[in-house]
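Have a look at my_file.txt below; it lists compact mmCIF, C-alpha atoms.
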# COMPACT_ATOMS: atom_id res chain seq x y z
CA MET E 1 -39.24 5.14 -17.01
CA THR E 2 -37.06 4.21 -19.97
CA ALA E 3 -39.21 3.30 -22.98
CA LEU E 4 -36.70 0.85 -24.43
CA GLU E 5 -33.54 -0.62 -23.01
CA LEU E 6 -31.22 -3.13 -24.63
CA LEU E 7 -28.70 -4.58 -22.17
CA HIS E 8 -25.68 -6.44 -23.59
CA VAL E 9 -27.78 -7.95 -26.37
CA SER E 10 -26.12 -10.46 -28.69
CA LYS E 11 -27.70 -12.44 -31.49
CA THR E 12 -26.28 -15.42 -33.34
CA PHE E 13 -27.79 -17.06 -36.39
CA GLY E 14 -26.87 -20.62 -37.38
CA ASP E 15 -24.18 -22.66 -35.66
CA GLY E 16 -20.81 -24.28 -36.20
CA ALA E 17 -19.09 -23.13 -39.37
CA ALA E 18 -22.28 -21.36 -40.52
CA GLU E 19 -22.56 -19.30 -37.35
CA VAL E 20 -23.11 -15.58 -37.92
CA LEU E 21 -22.77 -13.17 -35.03
CA ALA E 22 -25.32 -10.50 -36.03
CA LEU E 23 -25.25 -8.46 -32.81
CA ARG E 24 -22.46 -8.28 -30.26
CA ASP E 25 -23.02 -6.90 -26.79
CA VAL E 26 -25.32 -4.07 -27.85
CA SER E 27 -26.63 -1.75 -25.12
CA LEU E 28 -29.00 1.13 -25.87
CA LYS E 29 -31.43 3.24 -23.87
CA VAL E 30 -34.27 5.28 -25.40
CA GLU E 31 -36.26 7.64 -23.20
CA PRO E 32 -39.91 8.60 -23.87
CA GLY E 33 -40.10 11.46 -26.38
CA ALA E 34 -36.63 10.77 -27.80
CA LEU E 35 -35.89 9.79 -31.37
CA VAL E 36 -32.78 7.67 -31.90
CA ALA E 37 -31.46 6.76 -35.34
CA VAL E 38 -29.31 3.68 -35.90
CA MET E 39 -27.05 4.04 -38.91
CA GLY E 40 -24.91 1.42 -40.49
CA PRO E 41 -24.14 -0.26 -43.78
CA SER E 42 -26.03 -3.32 -45.07
CA GLY E 43 -25.30 -6.33 -42.89
CA SER E 44 -24.28 -4.26 -39.86
CA GLY E 45 -27.11 -5.75 -37.77
CA LYS E 46 -29.43 -2.75 -37.62
CA SER E 47 -32.61 -4.55 -38.76
CA THR E 48 -31.85 -7.46 -36.42
CA MET E 49 -31.48 -4.97 -33.58
CA LEU E 50 -34.90 -3.49 -34.40
CA THR E 51 -36.69 -6.85 -34.58
CA ILE E 52 -35.19 -7.85 -31.22
CA ALA E 53 -36.17 -4.48 -29.69
CA GLY E 54 -39.71 -5.04 -30.97
CA SER E 55 -39.82 -8.64 -29.59
CA LEU E 56 -40.31 -10.02 -33.09
CA GLU E 57 -37.15 -12.03 -32.54
CA GLU E 58 -35.38 -13.21 -29.38
CA ALA E 59 -31.87 -12.25 -28.36
CA THR E 60 -29.34 -15.09 -27.95
CA SER E 61 -28.08 -13.38 -24.81
CA GLY E 62 -28.70 -10.13 -22.97
CA GLU E 63 -31.98 -8.51 -21.99
CA VAL E 64 -34.54 -6.22 -23.62
CA LEU E 65 -36.84 -4.06 -21.48
CA VAL E 66 -39.88 -2.33 -22.96
CA GLY E 67 -41.44 0.23 -20.65
CA GLY E 68 -39.31 -1.26 -17.86
CA HIS E 69 -40.66 -4.82 -18.39
CA PRO E 70 -38.06 -7.47 -19.27
CA LEU E 71 -39.17 -9.45 -22.33
CA SER E 72 -37.46 -12.60 -21.02
CA ALA E 73 -39.89 -12.72 -18.09
CA MET E 74 -42.94 -12.64 -20.39
CA SER E 75 -44.80 -15.57 -21.89
CA ARG E 76 -45.26 -15.75 -25.66
CA ASN E 77 -48.84 -14.46 -25.25
CA GLU E 78 -47.74 -11.58 -23.05
CA ARG E 79 -45.15 -10.55 -25.62
CA ALA E 80 -47.77 -10.68 -28.39
CA GLY E 81 -50.03 -8.46 -26.25
CA LEU E 82 -47.18 -6.02 -25.68
CA ARG E 83 -46.53 -5.84 -29.44
CA ARG E 84 -50.19 -5.10 -30.15
CA ARG E 85 -50.65 -2.52 -27.40
CA SER E 86 -47.34 -0.74 -26.91
CA ILE E 87 -45.17 -1.12 -29.99
CA GLY E 88 -45.76 0.33 -33.44
CA TYR E 89 -43.77 -0.78 -36.47
CA VAL E 90 -43.14 1.03 -39.74
CA PHE E 91 -41.53 -1.01 -42.49
CA GLN E 92 -39.79 -0.01 -45.70
CA ASN E 93 -42.49 -1.60 -47.88
CA PHE E 94 -45.38 -0.29 -45.73
CA ASN E 95 -46.83 -3.82 -45.11
CA LEU E 96 -50.45 -2.70 -45.45
CA LEU E 97 -53.09 -5.35 -46.07
CA ALA E 98 -54.32 -4.88 -49.63
CA GLY E 99 -57.88 -6.10 -48.92
CA LEU E 100 -58.50 -3.56 -46.14
CA THR E 101 -59.17 0.17 -46.43
CA ALA E 102 -56.80 2.70 -44.88
CA ALA E 103 -59.07 3.02 -41.81
CA GLU E 104 -59.39 -0.77 -41.46
CA ASN E 105 -55.62 -1.19 -41.68
CA VAL E 106 -55.10 1.38 -38.92
CA ALA E 107 -57.87 -0.06 -36.71
CA MET E 108 -56.67 -3.65 -37.08
CA PRO E 109 -54.09 -3.81 -34.23
CA LEU E 110 -56.68 -2.44 -31.80
CA GLU E 111 -59.33 -4.89 -32.99
CA LEU E 112 -56.84 -7.77 -32.64
CA ASP E 113 -56.33 -6.62 -29.07
CA GLY E 114 -60.05 -6.98 -28.32
CA VAL E 115 -61.09 -3.33 -28.70
CA SER E 116 -64.60 -3.05 -30.17
CA VAL E 117 -64.81 -2.34 -33.90
CA ARG E 118 -66.57 0.98 -33.25
CA VAL E 119 -64.00 2.23 -30.72
CA ALA E 120 -61.13 1.02 -32.91
CA ARG E 121 -62.55 2.88 -35.94
CA VAL E 122 -62.87 6.10 -33.94
CA ALA E 123 -59.23 5.80 -32.83
CA ALA E 124 -58.15 4.98 -36.40
CA MET E 125 -59.97 8.00 -37.82
CA ARG E 126 -58.35 10.22 -35.20
CA ALA E 127 -54.88 8.89 -36.07
CA LEU E 128 -55.53 9.33 -39.81
CA GLY E 129 -56.92 12.82 -39.21
CA GLU E 130 -53.71 13.87 -37.45
CA LEU E 131 -51.82 12.88 -40.60
CA ASP E 132 -54.23 14.74 -42.93
CA MET E 133 -55.52 11.41 -44.23
CA ALA E 134 -59.10 11.46 -42.96
CA GLY E 135 -60.36 12.12 -46.49
CA ARG E 136 -58.60 8.99 -47.79
CA ALA E 137 -59.72 6.67 -44.97
CA ALA E 138 -62.05 4.62 -47.19
CA ARG E 139 -59.44 4.06 -49.90
CA PHE E 140 -57.62 0.77 -50.41
CA PRO E 141 -53.79 0.77 -50.41
CA ASP E 142 -53.54 0.43 -54.20
CA GLU E 143 -55.62 3.60 -54.56
CA LEU E 144 -53.09 5.61 -52.51
CA SER E 145 -49.76 7.19 -53.50
CA GLY E 146 -46.53 5.98 -51.90
CA GLY E 147 -46.50 8.94 -49.50
CA GLU E 148 -50.12 8.34 -48.51
CA ARG E 149 -49.50 4.63 -47.92
CA GLN E 150 -46.63 5.47 -45.62
CA ARG E 151 -48.88 7.90 -43.71
CA VAL E 152 -51.36 5.07 -43.18
CA ALA E 153 -48.50 2.84 -41.98
CA ILE E 154 -47.45 5.51 -39.49
CA ALA E 155 -51.03 6.04 -38.32
CA ARG E 156 -51.24 2.27 -37.72
CA ALA E 157 -47.96 2.40 -35.80
CA VAL E 158 -49.07 5.15 -33.42
CA VAL E 159 -52.80 4.35 -33.04
CA GLY E 160 -54.03 3.79 -29.49
CA GLU E 161 -51.61 4.01 -26.59
CA ARG E 162 -48.39 2.94 -28.28
CA ARG E 163 -45.29 4.21 -26.50
CA LEU E 164 -42.60 2.83 -28.79
CA LEU E 165 -42.29 3.40 -32.53
CA LEU E 166 -39.81 1.23 -34.41
CA ALA E 167 -39.12 2.10 -38.04
CA ASP E 168 -36.94 0.27 -40.56
CA GLU E 169 -35.99 2.55 -43.47
CA PRO E 170 -39.38 4.26 -43.08
CA SER E 171 -39.08 6.44 -46.15
CA GLY E 172 -38.74 3.37 -48.38
CA ALA E 173 -38.40 4.45 -51.96
CA LEU E 174 -40.07 7.82 -51.42
CA ASP E 175 -38.50 10.97 -52.88
CA SER E 176 -36.72 13.30 -50.49
CA VAL E 177 -39.68 15.66 -49.97
CA ASN E 178 -42.03 12.78 -49.08
CA ALA E 179 -39.29 11.22 -46.94
CA GLU E 180 -39.06 14.48 -45.04
CA ALA E 181 -42.85 14.44 -44.52
CA VAL E 182 -42.54 10.93 -43.04
CA MET E 183 -39.82 12.06 -40.64
CA ARG E 184 -41.86 15.11 -39.60
CA LEU E 185 -44.67 12.70 -38.65
CA VAL E 186 -42.28 10.50 -36.69
CA ARG E 187 -40.90 13.58 -34.89
CA SER E 188 -44.41 14.74 -34.16
CA ALA E 189 -45.25 11.35 -32.58
CA CYS E 190 -42.12 11.66 -30.44
CA ARG E 191 -43.10 15.17 -29.32
CA GLY E 192 -46.29 13.52 -28.06
CA GLY E 193 -44.19 11.29 -25.78
CA VAL E 194 -43.57 8.27 -28.00
CA ALA E 195 -40.01 6.90 -28.03
CA GLY E 196 -38.78 6.32 -31.57
CA VAL E 197 -36.02 4.20 -33.08
CA VAL E 198 -35.32 4.54 -36.79
CA VAL E 199 -32.80 2.32 -38.51
CA THR E 200 -31.47 3.60 -41.79
CA HIS E 201 -28.41 3.89 -43.99
CA ASP E 202 -29.61 7.36 -45.06
CA ALA E 203 -27.92 10.27 -43.26
CA GLN E 204 -30.70 12.69 -44.26
CA LEU E 205 -33.25 10.53 -42.47
CA ALA E 206 -30.97 9.97 -39.48
CA SER E 207 -30.42 13.72 -39.13
CA TRP E 208 -34.00 14.07 -37.81
CA ALA E 209 -32.99 12.12 -34.69
CA ASP E 210 -31.90 13.53 -31.34
CA ARG E 211 -29.12 10.96 -31.24
CA VAL E 212 -27.50 8.88 -33.97
CA VAL E 213 -25.92 5.55 -33.06
CA PHE E 214 -23.52 3.92 -35.53
CA LEU E 215 -23.56 0.15 -35.90
CA ARG E 216 -20.60 -1.71 -37.44
CA ASP E 217 -20.28 -5.49 -37.65
CA GLY E 218 -23.00 -5.95 -35.05
CA ARG E 219 -21.44 -3.57 -32.53
CA ILE E 220 -22.28 0.00 -31.57
CA SER E 221 -19.09 1.65 -32.74
CA ASP E 222 -19.88 5.30 -32.13
CA GLN E 223 -22.64 7.85 -31.53
CA THR E 224 -23.22 11.56 -32.03
CA ALA E 225 -22.71 14.10 -29.28
CA PRO E 226 -25.75 15.91 -27.83
CA LEU E 227 -27.11 18.32 -30.41
CA ALA E 228 -25.50 21.77 -30.46
CA GLY E 229 -27.79 24.75 -30.98
CA PRO E 230 -28.43 25.86 -34.57
CA GLU E 231 -27.05 29.32 -33.78
CA SER E 232 -23.53 27.92 -34.26
CA LEU E 233 -24.35 27.34 -37.95
CA LEU E 234 -25.88 30.75 -38.49
CA ALA E 235 -23.03 32.73 -36.96
CA PRO E 236 -21.04 34.56 -39.65
CA GLY E 237 -17.91 32.71 -40.69
CA HIS E 238 -18.92 29.41 -39.06
CA ARG E 239 -16.96 27.64 -41.76
CA GLN E 240 -13.31 27.54 -41.02
CA MET R 1 -23.18 33.61 -52.84
CA SER R 2 -23.19 36.60 -55.19
CA VAL R 3 -24.56 39.48 -53.15
CA PRO R 4 -24.64 41.91 -56.16
CA HIS R 5 -26.82 39.54 -58.17
CA ALA R 6 -29.06 38.75 -55.22
CA LEU R 7 -29.65 42.51 -54.82
CA LEU R 8 -30.34 42.88 -58.56
CA ALA R 9 -32.91 40.08 -58.23
CA LEU R 10 -34.66 41.90 -55.38
CA LEU R 11 -34.61 45.17 -57.35
CA SER R 12 -36.15 43.42 -60.38
CA GLU R 13 -39.42 43.53 -58.37
CA GLY R 14 -39.28 47.34 -58.13
CA PRO R 15 -37.24 50.16 -56.51
CA LYS R 16 -36.20 49.61 -52.88
CA TYR R 17 -34.22 51.22 -50.02
CA GLY R 18 -30.97 49.65 -48.76
CA LEU R 19 -32.35 48.59 -45.40
CA GLN R 20 -35.34 47.01 -47.08
CA LEU R 21 -32.98 45.07 -49.39
CA ARG R 22 -31.05 43.67 -46.43
CA GLU R 23 -34.24 42.51 -44.70
CA GLU R 24 -35.64 40.92 -47.85
CA PHE R 25 -32.31 39.24 -48.69
CA GLU R 26 -32.18 37.51 -45.30
CA GLU R 27 -35.85 36.60 -45.49
CA ARG R 28 -35.55 35.05 -48.96
CA THR R 29 -32.45 33.04 -48.06
CA GLY R 30 -34.08 31.65 -44.95
CA GLU R 31 -31.75 33.84 -42.85
CA VAL R 32 -29.04 31.31 -43.63
CA TRP R 33 -26.76 33.98 -45.11
CA PRO R 34 -26.50 36.96 -42.79
CA LEU R 35 -25.74 40.26 -44.53
CA ASN R 36 -24.75 43.50 -42.83
CA VAL R 37 -26.18 46.79 -43.97
CA GLY R 38 -22.75 48.27 -44.76
CA GLN R 39 -22.21 45.44 -47.25
CA VAL R 40 -25.53 46.30 -48.91
CA TYR R 41 -24.64 50.00 -49.40
CA THR R 42 -21.10 49.23 -50.64
CA THR R 43 -22.52 46.77 -53.16
CA LEU R 44 -25.21 49.24 -54.30
CA GLN R 45 -22.54 51.93 -54.88
CA ARG R 46 -20.58 49.51 -57.10
CA LEU R 47 -23.71 48.50 -59.00
CA GLU R 48 -24.57 52.19 -59.51
CA ARG R 49 -21.02 52.90 -60.73
CA ASP R 50 -21.36 50.05 -63.27
CA GLY R 51 -24.72 51.35 -64.48
CA LEU R 52 -26.64 48.28 -63.28
CA VAL R 53 -28.77 50.20 -60.78
CA GLU R 54 -29.78 53.85 -60.49
CA ALA R 55 -30.80 55.88 -57.47
CA ASP R 56 -33.44 58.52 -57.07
CA GLY R 57 -32.79 61.36 -54.64
CA ALA R 58 -29.41 62.32 -56.12
CA GLY R 59 -26.90 63.73 -53.64
CA ALA R 60 -28.73 62.32 -50.62
CA GLU R 61 -27.09 59.94 -48.12
CA SER R 62 -27.18 56.31 -49.29
CA GLN R 63 -29.74 55.30 -46.66
CA HIS R 64 -32.20 57.90 -47.97
CA LYS R 65 -31.87 56.80 -51.58
CA ARG R 66 -34.17 54.40 -53.31
CA PHE R 67 -32.49 52.13 -55.87
CA GLY R 68 -33.96 50.71 -59.07
CA ILE R 69 -32.58 48.21 -61.59
CA THR R 70 -31.54 49.48 -65.06
CA ALA R 71 -31.98 47.65 -68.40
CA ASP R 72 -28.26 46.70 -68.23
CA GLY R 73 -28.88 45.40 -64.71
CA GLU R 74 -31.75 43.22 -65.92
CA ALA R 75 -29.58 41.82 -68.74
CA GLU R 76 -26.75 41.10 -66.27
CA LEU R 77 -29.18 39.33 -63.90
CA ALA R 78 -30.62 37.18 -66.70
CA LEU R 79 -27.11 36.18 -67.81
CA TRP R 80 -25.98 35.35 -64.24
CA LEU R 81 -29.05 33.17 -63.55
CA ARG R 82 -28.19 30.98 -66.51
CA THR R 83 -24.42 30.83 -66.05
CA PRO R 84 -23.41 27.61 -64.24
CA PRO R 85 -21.05 28.17 -61.29
CA ASP R 86 -17.56 26.73 -61.66
CA LEU R 87 -17.98 23.16 -60.47
CA ALA R 88 -15.88 21.63 -63.23
CA SER R 89 -12.36 21.82 -61.82
CA PRO R 90 -11.51 19.06 -59.33
CA PRO R 91 -11.48 20.58 -55.85
CA ARG R 92 -8.48 20.03 -53.64
CA ASP R 93 -10.69 18.56 -50.98
CA GLU R 94 -9.03 18.52 -47.57
CA LEU R 95 -11.03 15.49 -46.47
CA VAL R 96 -9.93 13.46 -49.50
CA ILE R 97 -6.32 14.42 -48.81
CA LYS R 98 -6.65 13.38 -45.14
CA VAL R 99 -8.01 9.96 -46.09
CA LEU R 100 -5.30 9.44 -48.73
CA VAL R 101 -2.65 10.41 -46.19
CA ALA R 102 -4.22 8.14 -43.52
CA LEU R 103 -3.69 5.17 -45.83
CA ARG R 104 0.06 5.85 -45.83
CA VAL R 105 0.53 6.50 -42.12
CA PRO R 106 1.66 3.32 -40.32
CA GLU R 107 -0.86 1.66 -38.00
CA VAL R 108 -3.56 4.28 -38.45
CA ASP R 109 -7.05 2.79 -38.09
CA VAL R 110 -8.46 4.21 -41.35
CA PRO R 111 -12.12 3.21 -40.71
CA GLU R 112 -11.82 4.99 -37.36
CA VAL R 113 -10.55 8.11 -39.16
CA LEU R 114 -13.48 7.86 -41.60
CA GLN R 115 -15.94 7.46 -38.72
CA ALA R 116 -14.63 10.59 -36.96
CA HIS R 117 -15.49 12.60 -40.08
CA ARG R 118 -18.80 10.77 -40.60
CA ARG R 119 -19.88 11.55 -37.01
CA TYR R 120 -19.01 15.23 -37.42
CA LEU R 121 -20.93 15.47 -40.71
CA VAL R 122 -24.02 13.74 -39.28
CA GLN R 123 -23.94 16.17 -36.33
CA LEU R 124 -23.86 19.09 -38.76
CA MET R 125 -26.78 17.58 -40.66
CA GLN R 126 -28.73 17.21 -37.41
CA GLN R 127 -28.23 20.92 -36.74
CA TRP R 128 -29.40 21.91 -40.24
CA THR R 129 -32.39 19.58 -40.02
CA ARG R 130 -33.33 21.11 -36.67
CA ILE R 131 -33.28 24.57 -38.29
CA LYS R 132 -35.66 23.28 -40.98
CA GLU R 133 -37.88 21.57 -38.40
CA ASP R 134 -38.09 24.63 -36.17
CA GLY R 135 -38.67 26.99 -39.12
CA ASP R 136 -41.92 27.73 -40.87
CA GLU R 137 -42.81 24.76 -43.11
CA ASP R 138 -44.05 27.21 -45.75
CA ASP R 139 -40.74 29.11 -45.82
CA LEU R 140 -39.57 27.97 -49.25
CA GLY R 141 -36.30 29.95 -49.13
CA LEU R 142 -35.29 28.32 -45.84
CA ALA R 143 -36.21 24.82 -47.04
CA LEU R 144 -34.23 25.20 -50.29
CA ALA R 145 -31.17 26.68 -48.58
CA VAL R 146 -31.11 24.02 -45.84
CA ASP R 147 -31.73 21.21 -48.36
CA ALA R 148 -28.72 22.40 -50.36
CA GLU R 149 -26.51 22.08 -47.25
CA LEU R 150 -28.02 18.70 -46.35
CA PHE R 151 -27.47 17.27 -49.83
CA ARG R 152 -23.91 18.59 -49.89
CA LEU R 153 -23.07 17.05 -46.48
CA ASP R 154 -24.91 13.84 -47.40
CA SER R 155 -22.81 13.47 -50.53
CA VAL R 156 -19.63 13.66 -48.43
CA ILE R 157 -20.98 10.96 -46.09
CA ARG R 158 -21.79 8.78 -49.09
CA TRP R 159 -18.24 9.24 -50.30
CA LEU R 160 -16.95 8.17 -46.83
CA ASP R 161 -19.20 5.07 -46.93
CA SER R 162 -17.99 4.21 -50.38
CA ALA R 163 -14.35 4.84 -49.38
CA GLU R 164 -14.71 2.51 -46.39
CA SER R 165 -16.25 -0.21 -48.49
CA ARG R 166 -13.52 0.16 -51.12
CA ILE R 167 -10.71 0.12 -48.54
CA ARG R 168 -12.14 -3.03 -46.91
CA ARG R 169 -12.18 -4.83 -50.24
CA HIS R 170 -8.77 -3.66 -51.38
CA PRO R 171 -6.09 -6.34 -51.13
CA VAL R 172 -3.32 -4.05 -49.87
CA THR R 173 -2.58 -4.37 -46.21
CA GLN R 174 -2.24 -1.44 -43.88
CA VAL R 175 1.20 0.12 -43.90
CA LYS R 176 3.20 -1.28 -41.00
CA ARG R 177 5.55 0.82 -38.98
CA ALA R 178 9.14 -0.03 -39.84
CA ALA R 179 11.26 -1.61 -37.11
CA PRO R 180 12.85 1.08 -34.95
CA LEU R 181 16.48 1.85 -35.54
CA PRO R 182 18.80 0.08 -33.10
CA LYS R 183 19.64 2.28 -30.16
CA LEU R 184 23.11 3.70 -30.40
CA ARG R 185 25.25 3.28 -27.33
CA ARG R 186 26.09 6.67 -26.03
CA ALA R 187 29.73 7.30 -26.52
CA THR R 188 30.49 8.62 -23.10
CA GLY R 189 33.99 7.36 -22.97
CA VAL R 190 33.30 5.85 -19.57
CA ARG R 191 34.09 2.19 -19.39
CA ARG R 192 31.45 0.18 -17.48

Can you give me the file's structure in the form of structure tokens?
Amino acid sequence: MTALELLHVSKTFGDGAAEVLALRDVSLKVEPGALVAVMGPSGSGKSTMLTIAGSLEEATSGEVLVGGHPLSAMSRNERAGLRRRSIGYVFQNFNLLAGLTAAENVAMPLELDGVSVRVARVAAMRALGELDMAGRAARFPDELSGGERQRVAIARAVVGERRLLLADEPSGALDSVNAEAVMRLVRSACRGGVAGVVVTHDAQLASWADRVVFLRDGRISDQTAPLAGPESLLAPGHRQ
Amino acid sequence: MSVPHALLALLSEGPKYGLQLREEFEERTGEVWPLNVGQVYTTLQRLERDGLVEADGAGAESQHKRFGITADGEAELALWLRTPPDLASPPRDELVIKVLVALRVPEVDVPEVLQAHRRYLVQLMQQWTRIKEDGDEDDLGLALAVDAELFRLDSVIRWLDSAESRIRRHPVTQVKRAAPLPKLRRATGVRR
């Protein structure tokens, strides 16, 4: 089953003379285990696309299916439940709660979903452990480095049974080595069956994806071909 | 890539055989630059002629000789490491020329031309990133060599992005195709 499907999605903000067409007839399919990057300049609609895919915002027209379920057929409460259980978000500025420890931040979406504190903590510690952060679980966000904070944010995004990971410029202001570490974690989550969508203007980040979709003026204008094998680069004289 | 200096660098660790040098060269460069063994022996002969390396086992076949770096070789290596490569002269970049030409060709969709190049570059970057991902994370040589390619390709994409933004803001309109010349009536001499 397709993890995420956008069908002819359009989004308009404002009306009359102030109307802005942020997305125009966008269709996109992401299978489980795949990582898709959406590239485009500022104002191209990529963040809007991500918030609509994650049901944080509603499309003006078109349909979004998460795990085969159309969002339009769900009540507000059902959508909130879907966000807590199935969708993980990673934001540019991490969005960790300053008053909670790393473990509490990661456990929070499960606790909000009614999972017992004890079970949620066990799941949080497992997710942090997979990101080599078990030793920092009791630290508060301001006691962590930028790279560590982003690891906590990723652990929170993949904790439990989440099947869809949505990331908006997930490397934030990290240096390139830490940004690479973030993308390795995202790839690793995808290898475990999670479908990932990363929106970014950064080609180095996008190059971790299986497929790169280019957004221009709210439309998908182009996408990369299926990935050729690396042997073509290593063959002598590959440069013309 | 300067193969002679890379070999001098490997020999600065101690004397080595030609085959060993080839293996270590590929290993240290993350196998990104393949090197054939004939190239290694030809280079070693030149280095020996110039007094930068010396061989033990005089008179033996090249593959049975062990090569060591000389004091002159060490001085040459130290000088080369600190000499910046020639990046100063403006390159006659084919991509830049194509974009400049595209601006002058009537009715060409320049952003579409830019996107064709951007897509190709991103695909190349995906391939390099996959090499890094599939490689050993502790392989420093591979990571550095692949990063160099990624940064180089990324800088070209940034230039394309900047070019597109600049072209969009520029007040000049796209060159329009001139009206076609009126068709000349064929002078057949036959009255209709």

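Considering only C-alpha atoms, the residue among R:Ile131, R:Lys65, R:Leu160, R:Asp109 positioned nearest to Val146 in chain R is R:Ile131.
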
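Applying a distance limit of 7 Å to all atoms listed in the file, the residues of chain R near chain E read Val32, Pro34, Arg119, Val122, Gln123, Met125, Gln126, Gln127, Trp128, Thr129, Ile131, Leu150 and Asp154 of chain R.
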
Writer output for current selection, C-alpha atoms, as a compact mmCIF listing (two decimals), in the coordinates of the input:
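Okay, selection07.txt is ready:
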# COMPACT_ATOMS: atom_id res chain seq x y z
CA VAL R 32 -29.04 31.31 -43.63
CA PRO R 34 -26.50 36.96 -42.79
CA ARG R 119 -19.88 11.55 -37.01
CA VAL R 122 -24.02 13.74 -39.28
CA GLN R 123 -23.94 16.17 -36.33
CA MET R 125 -26.78 17.58 -40.66
CA GLN R 126 -28.73 17.21 -37.41
CA GLN R 127 -28.23 20.92 -36.74
CA TRP R 128 -29.40 21.91 -40.24
CA THR R 129 -32.39 19.58 -40.02
CA ILE R 131 -33.28 24.57 -38.29
CA LEU R 150 -28.02 18.70 -46.35
CA ASP R 154 -24.91 13.84 -47.40

Give the answer as one residue: which of E:Leu128, E:Cys190, E:Ala37, E:Val66 has the shortest atom-to-atom distance to Ile154 in chain E, using only C-alpha atoms?
E:Leu128

At a cut-off of 12 Å, using all atoms listed in the file, what residues contact Glu23 in chain R? Leave out same-chain residues fewer than 2 positions from it and give the result as a PDB file with C-alpha atoms, in the coordinates of the input.
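out-v5.pdb, freshly written:
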ATOM      1  CA  LEU R   7     -29.650  42.510 -54.820  1.00  0.00           C
ATOM      2  CA  LEU R  10     -34.660  41.900 -55.380  1.00  0.00           C
ATOM      3  CA  LYS R  16     -36.200  49.610 -52.880  1.00  0.00           C
ATOM      4  CA  TYR R  17     -34.220  51.220 -50.020  1.00  0.00           C
ATOM      5  CA  GLY R  18     -30.970  49.650 -48.760  1.00  0.00           C
ATOM      6  CA  LEU R  19     -32.350  48.590 -45.400  1.00  0.00           C
ATOM      7  CA  GLN R  20     -35.340  47.010 -47.080  1.00  0.00           C
ATOM      8  CA  LEU R  21     -32.980  45.070 -49.390  1.00  0.00           C
ATOM      9  CA  PHE R  25     -32.310  39.240 -48.690  1.00  0.00           C
ATOM     10  CA  GLU R  26     -32.180  37.510 -45.300  1.00  0.00           C
ATOM     11  CA  GLU R  27     -35.850  36.600 -45.490  1.00  0.00           C
ATOM     12  CA  ARG R  28     -35.550  35.050 -48.960  1.00  0.00           C
ATOM     13  CA  THR R  29     -32.450  33.040 -48.060  1.00  0.00           C
ATOM     14  CA  GLY R  30     -34.080  31.650 -44.950  1.00  0.00           C
ATOM     15  CA  GLU R  31     -31.750  33.840 -42.850  1.00  0.00           C
ATOM     16  CA  TRP R  33     -26.760  33.980 -45.110  1.00  0.00           C
ATOM     17  CA  PRO R  34     -26.500  36.960 -42.790  1.00  0.00           C
ATOM     18  CA  LEU R  35     -25.740  40.260 -44.530  1.00  0.00           C
ATOM     19  CA  ASN R  36     -24.750  43.500 -42.830  1.00  0.00           C
ATOM     20  CA  VAL R  37     -26.180  46.790 -43.970  1.00  0.00           C
ATOM     21  CA  VAL R  40     -25.530  46.300 -48.910  1.00  0.00           C
TER      22      VAL R  40
END

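When all atoms listed in the file are used to compute distances to Arg84 in chain E, the closest of the residues E:Arg162, E:His69, E:Thr60, E:Gly147 turns out to be E:Arg162.
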
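As for CA of Arg79 in chain E and CA of Pro109 in chain E, they are spaced 14.1 Å apart.
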
Which residues are close to His117 in chain R, i.e. within 9 Å by only C-alpha atoms, leaving aside same-chain residues fewer than 4 positions away? Reply as a list in words.
Leu95, Glu112, Val113, Leu121, Val122, Ile157 and Leu160 of chain R

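Proximity ranking of E:Met133, E:Gly160, E:Ser44, E:Gly196 relative to Val115 in chain E places E:Gly160 first, based on all atoms listed in the file.
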
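If you look at CA of Asp113 in chain E and CA of Gly67 in chain E, they are 18.4 Å away from each other.
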
Give me the residues near Thr42 in chain R as an mmCIF file with C-alpha atoms, in the coordinates of the input, where near means some atom within 10 Å (using only C-alpha atoms) and where sequence neighbours in that chain fewer than 5 positions away do not count.
data_model
loop_
_atom_site.group_PDB
_atom_site.id
_atom_site.type_symbol
_atom_site.label_atom_id
_atom_site.label_comp_id
_atom_site.auth_asym_id
_atom_site.auth_seq_id
_atom_site.Cartn_x
_atom_site.Cartn_y
_atom_site.Cartn_z
ATOM 1 C CA PRO R 4 -24.640 41.910 -56.160
ATOM 2 C CA VAL R 37 -26.180 46.790 -43.970
ATOM 3 C CA LEU R 47 -23.710 48.500 -59.000
ATOM 4 C CA GLU R 48 -24.570 52.190 -59.510
ATOM 5 C CA SER R 62 -27.180 56.310 -49.290
#

For Leu79 in chain R, which residue among R:Leu8, R:Trp159, R:Gly14, R:Phe151 is the nearest when counting all atoms listed in the file?
R:Leu8
